[in-house]
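In what follows, a structure is listed as structure tokens, so that the remarks can point back to it.
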Amino acid sequence: MLETKYAHFYKLYRMTIKSSGEKAWLFVYPLVGLFSIGFLAAYLKSVGGVLSTIHFVLIGVIVWSFYDLCQKAPVYGLLFDIWDHCLKHTIASPATVYDFIIGTGSFGLVSAIFTSIYLTIISIIVFDFNIYSAGPTAIIALAIIFIFATSVALSINSLIISRDKEYMTLTWAIPGVIMIFSGIYYPVDFLPGIAKDISYILPTTYSIIAIRESFGFSSGVAHPLIKGALISLVYFIASIKIYNLGIRSAKKTGTTITD
Amino acid sequence: MPEYAIDLKDIRKSYGKEDILKGITLKIEKNQIYGILGPNGAGKSTLLGILSTLLTHDSGTVSILGMDPNTERSAIAKRTNISTGATSFFYTFTPKEILKYYGLLYGIRQPQLNNKIDELIRDLNITSFENQKFSNLSTGMKQKIALAKSLINDPELLFLDELTIGLDVEVAKDIRDYIRSLPGKKGTTIILTSHNLFEIEELCEKIAIIKQGKIIAEGSVRDIKKDIQFENTITIALYDEKVDLAFLEDIKGIIDYNQSGSELTIHTKESAEYAEQIISRLKEKHTRIKGLEITKTSLEDIFLKITKR
């Protein structure tokens, strides 16, 4: 049923329309990232750096805003229910886990596309850089990031619903950790020892490498899009299983009736 | 053969080492209002959680509208709904938005959804508040929204948990009247839990009393009164606190009695006949009587008696 999927999209949409805090996630934070990092790179260029440095970090900024919004939607889809103490009504409804994933995931994707487009427009005007000039590579890379971000969100949700609401902190902490290992502002080869190994199990690393290769930054990684897509699919399938287990555990331990 | 909305056989549920339900067996016929009572911690919320598919049970068999919640959860949820007391929804949403969200979650298509929302808003007198934020509404209005939400899918089976808790008399009566009309009007079976025993007695055809995870009484209020053998309470106010009440043991039909200060409380099968005998025996003992009250035993009396056993 489309309605049950749309319900989750509708909830997130209305929440965003009504809350200035939610609108800030779409309009303020991504812009702060774009300008602060973009101007930092522009400054470095002015003191002897190269033009490509600006493009290198702007790819990271735009991709990261995309990840952030894709991950946020499914987690907030659950947190709004918890914060407003009505989780039991959603769980008692006929909507399934798949309705939830498709509904909240769609909202994440739409908001991420919207933000990446206006960030791109601003970056063309201010920094003369268009990430979408990478063509289909950029689109596939962002699709991989969407799938991975949704997987991370579902895993966080599983912890929140089955263990403790305190795990909601991961919503804001995990993107920062993934950012460090994915080479948002530097090539992952620059990372030391085990950190570099970790970066290669993250689909985000491959997506960013693929987009950067389109702009002439070589990485030495073969077929990054294929590798990223395969890893993200594995994470996605695992995360659905983990989320289902989380709900099953919550129904067993009684956390579903204590909102 | 009666049709059952709920058919439970030996349901058990524990949280860790704590046993919450210890073998609940219960059948609830369709198209009636059924009350579940019990002291705090008796297992009412857990039982309601299992029936509304919010919780899974550890063992036993559960049939809800003829379906197994382990394998047909979504199909059950489509035909049931739940409302809880002191409920909360999205603070910034208006009643219309709340009803639209839950209507969509229950898979109701347009234009039926908008028609249903308008009908509920009209029937429950929410019209003048339909565009206000939920957080700005009074407790009574919030409870009406909760009831409207629970009726959005025209459920065959409705779970109402402490729906009128904390409401003023007028709103509680409005809600009770609406609930009372549902089985006749829509064929809804309602499972009701409440701490308000007056409400349960007024609304429910049958009740189950749960204590420590077990059903300790089940049936109509009248049958339970008969089972525990007291139907009336005689309260006598005396001038003297020191009265020898041993004679009460000789009067057949007196179930029990107790004296608290100068007040004597006696439970009997029939009231008038025994009151007369008791008064004449007290007079024989030159005991002066300040006042006398005969009351039919309420559900509260039964509840207190059964749960203190």
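Ordering of the structure tokens sets the chain letters (A, B, ...); residue numbers start at 1 within each chain; ligands are numbered from 1 in the order shown.
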
Fill in: Residue contacts of segment 195-205 of chain B (9 Å, only C-alpha atoms) excluding same-chain residues fewer than 2 positions away, as number ranges by chain
B: 32-39, 162, 164-165, 176-177, 179-180, 190-193, 207, 219-221, 298-300, 303

Item to complete: Please identify all polymer residues within 6 Å of segment 263-266 of chain B, counting only C-alpha atoms, omitting same-chain residues fewer than 2 positions from it, and present them as a PyMOL selection string.
Response: chain B and resi 233-237+256-261

Item to complete: Find the spatial neighbours of segment 141-156 of chain A, counting only C-alpha atoms, within a cut-off of 6 Å - ignore same-chain residues fewer than 3 positions away - and output them as a list in words.
Response: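 Residues meeting the cut-off are Tyr67, Cys70, Gln71, Pro74, Val75, Thr137, Ala138, Leu159, Thr204, Ser207, Ala229, Ser232, Phe236, Ser239 and Tyr243 of chain A.
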
Discussion item. If the cut-off is 8 Å, can you tell me the residues of chain A near chain B, counting only C-alpha atoms? I'd like them as number ranges by chain.
Written reply: A: 1-8, 10-11, 14-15, 18, 80-81, 84-86, 88-96, 250-254, 256-257

Worksheet entry | atom CA of Glu293 of chain B to atom CA of Arg222 of chain B, distance in Å rounded to a single decimal |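 Computing it gives 21.3 Å between the two atoms.
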
Worksheet item: When DSSP works through the backbone of this structure, what residues of segment 156-287 of chain B end up as strand (DSSP E), shown as a ChimeraX atom specification?
Response: /B:157-161,189-193,206-211,214-219,232-238,254-260,263-268

Let me see the file: selected residues, N, CA and C atoms, as a compact mmCIF listing (two decimals), in the first residue's frame.
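Heads up, here's the output in part_7.txt:
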# COMPACT_ATOMS: atom_id res chain seq x y z
N LEU B 157 -12.03 -4.26 16.44
CA LEU B 157 -11.61 -4.52 17.82
C LEU B 157 -10.81 -3.30 18.30
N LEU B 158 -11.27 -2.72 19.40
CA LEU B 158 -10.67 -1.47 19.87
C LEU B 158 -10.17 -1.64 21.31
N PHE B 159 -8.93 -1.26 21.54
CA PHE B 159 -8.36 -1.34 22.88
C PHE B 159 -8.29 0.06 23.48
N LEU B 160 -8.95 0.24 24.60
CA LEU B 160 -8.95 1.56 25.25
C LEU B 160 -8.33 1.41 26.64
N ASP B 161 -7.18 2.04 26.81
CA ASP B 161 -6.44 1.88 28.06
C ASP B 161 -6.52 3.19 28.85
N THR B 189 -15.98 -4.37 18.90
CA THR B 189 -15.71 -5.01 20.18
C THR B 189 -14.69 -4.13 20.91
N ILE B 190 -14.96 -3.81 22.16
CA ILE B 190 -14.07 -2.89 22.88
C ILE B 190 -13.51 -3.58 24.11
N ILE B 191 -12.21 -3.52 24.25
CA ILE B 191 -11.54 -4.03 25.45
C ILE B 191 -11.08 -2.79 26.23
N LEU B 192 -11.58 -2.67 27.43
CA LEU B 192 -11.38 -1.44 28.19
C LEU B 192 -10.62 -1.72 29.48
N THR B 193 -9.60 -0.95 29.75
CA THR B 193 -9.01 -1.01 31.09
C THR B 193 -9.19 0.38 31.71
N LYS B 206 -19.06 -7.60 30.53
CA LYS B 206 -18.28 -8.60 31.27
C LYS B 206 -16.94 -8.01 31.67
N ILE B 207 -16.36 -8.60 32.70
CA ILE B 207 -15.04 -8.13 33.14
C ILE B 207 -14.15 -9.32 33.50
N ALA B 208 -12.85 -9.05 33.49
CA ALA B 208 -11.90 -10.00 34.05
C ALA B 208 -11.05 -9.23 35.05
N ILE B 209 -10.83 -9.83 36.21
CA ILE B 209 -9.96 -9.18 37.20
C ILE B 209 -8.64 -9.94 37.23
N ILE B 210 -7.56 -9.18 37.02
CA ILE B 210 -6.23 -9.80 36.99
C ILE B 210 -5.47 -9.40 38.24
N LYS B 211 -4.80 -10.39 38.80
CA LYS B 211 -3.93 -10.10 39.93
C LYS B 211 -2.67 -10.95 39.78
N LYS B 214 -2.50 -13.35 36.84
CA LYS B 214 -3.50 -14.41 36.66
C LYS B 214 -4.89 -13.80 36.71
N ILE B 215 -5.81 -14.44 35.99
CA ILE B 215 -7.21 -13.99 36.09
C ILE B 215 -7.80 -14.63 37.34
N ILE B 216 -8.28 -13.76 38.26
CA ILE B 216 -8.82 -14.33 39.50
C ILE B 216 -10.34 -14.27 39.54
N ALA B 217 -10.94 -13.57 38.61
CA ALA B 217 -12.41 -13.58 38.49
C ALA B 217 -12.76 -13.17 37.08
N GLU B 218 -13.82 -13.76 36.54
CA GLU B 218 -14.20 -13.44 35.16
C GLU B 218 -15.69 -13.67 34.98
N GLY B 219 -16.34 -12.78 34.27
CA GLY B 219 -17.76 -12.94 34.00
C GLY B 219 -18.46 -11.60 34.10
N ASN B 232 -24.57 -6.84 49.22
CA ASN B 232 -24.99 -5.60 49.86
C ASN B 232 -24.10 -5.29 51.06
N THR B 233 -24.01 -4.00 51.35
CA THR B 233 -23.22 -3.58 52.50
C THR B 233 -24.11 -2.78 53.45
N ILE B 234 -24.14 -3.19 54.72
CA ILE B 234 -24.89 -2.43 55.73
C ILE B 234 -23.85 -1.72 56.60
N THR B 235 -23.97 -0.40 56.65
CA THR B 235 -23.03 0.37 57.48
C THR B 235 -23.82 0.98 58.64
N ILE B 236 -23.39 0.67 59.84
CA ILE B 236 -24.11 1.17 61.03
C ILE B 236 -23.15 2.05 61.85
N ALA B 237 -23.57 3.28 62.10
CA ALA B 237 -22.78 4.17 62.96
C ALA B 237 -23.29 4.03 64.39
N LEU B 238 -22.39 3.71 65.32
CA LEU B 238 -22.77 3.49 66.72
C LEU B 238 -22.26 4.64 67.59
N ILE B 254 -24.92 -13.47 56.79
CA ILE B 254 -23.89 -12.43 56.91
C ILE B 254 -22.57 -13.04 56.45
N ILE B 255 -21.98 -12.40 55.48
CA ILE B 255 -20.76 -12.99 54.90
C ILE B 255 -19.53 -12.59 55.71
N ASP B 256 -19.42 -11.32 55.99
CA ASP B 256 -18.33 -10.88 56.88
C ASP B 256 -18.67 -9.53 57.47
N TYR B 257 -17.93 -9.13 58.45
CA TYR B 257 -18.15 -7.83 59.06
C TYR B 257 -16.84 -7.32 59.64
N ASN B 258 -16.79 -6.01 59.80
CA ASN B 258 -15.65 -5.46 60.54
C ASN B 258 -16.04 -4.15 61.20
N GLN B 259 -15.36 -3.85 62.29
CA GLN B 259 -15.66 -2.62 63.02
C GLN B 259 -14.44 -1.73 62.98
N SER B 260 -14.68 -0.49 62.58
CA SER B 260 -13.59 0.48 62.57
C SER B 260 -14.05 1.66 63.41
N GLU B 263 -17.78 2.66 63.67
CA GLU B 263 -18.51 2.29 62.44
C GLU B 263 -18.42 0.79 62.20
N LEU B 264 -19.59 0.21 61.96
CA LEU B 264 -19.68 -1.23 61.76
C LEU B 264 -20.08 -1.50 60.30
N THR B 265 -19.27 -2.28 59.59
CA THR B 265 -19.58 -2.58 58.17
C THR B 265 -19.86 -4.08 58.06
N ILE B 266 -21.02 -4.40 57.47
CA ILE B 266 -21.43 -5.81 57.36
C ILE B 266 -21.79 -6.12 55.91
N HIS B 267 -21.22 -7.19 55.38
CA HIS B 267 -21.58 -7.62 54.03
C HIS B 267 -22.57 -8.77 54.12
N THR B 268 -23.68 -8.64 53.37
CA THR B 268 -24.74 -9.66 53.45
C THR B 268 -25.21 -10.04 52.05

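Atom CA of Ser20 of chain A lies 17.4 Å from atom CA of Gly108 of chain A.
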
Item to complete: Considering only C-alpha atoms, return as a PyMOL selection string whatever protein or nucleic-acid residues lie within 9 Å of Tyr185 of chain A, sequence-local ones (same chain, fewer than 4 positions apart) excluded.
Response: chain A and resi 37+56-61+179-180

Could you save the residues just selected, with C-alpha atoms, as a PDB file, in the first residue's frame?
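Full text of out04.pdb as output:
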ATOM      1  CA  ILE A  37      35.439  24.845   3.859  1.00  0.00           C
ATOM      2  CA  PHE A  56      38.761  18.486  -3.956  1.00  0.00           C
ATOM      3  CA  VAL A  57      37.222  19.702  -0.697  1.00  0.00           C
ATOM      4  CA  LEU A  58      33.963  20.957  -2.226  1.00  0.00           C
ATOM      5  CA  ILE A  59      33.258  17.430  -3.481  1.00  0.00           C
ATOM      6  CA  GLY A  60      33.651  16.313   0.125  1.00  0.00           C
ATOM      7  CA  VAL A  61      31.371  19.050   1.492  1.00  0.00           C
ATOM      8  CA  MET A 179      33.638  11.452   7.756  1.00  0.00           C
ATOM      9  CA  ILE A 180      37.104  10.926   9.240  1.00  0.00           C
TER      10      ILE A 180
END

Worksheet item: If you measure from atom CA of Met141 of chain B to atom CA of Leu182 of chain B, what distance in Å do you get, rounded to one decimal?
Response: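 Separation between atom CA of Met141 of chain B and atom CA of Leu182 of chain B: 19.4 Å.
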
Worksheet item: Residues of segment 53-225 of chain A in helix (DSSP H, G or I) according to DSSP, as a VMD selection string?
Response: chain A and resid 53 to 83 87 to 91 97 to 127 131 to 134 136 to 162 165 to 182 188 to 190 193 to 199 203 to 214 224 to 225

Worksheet entry | Nearest to Ile102 of chain A, chosen from A:Ser36, A:Gly77, A:Ser214, A:Asn130, with only C-alpha atoms counted in the distances |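 Answer, going by the shortest atom-to-atom distance: A:Gly77.
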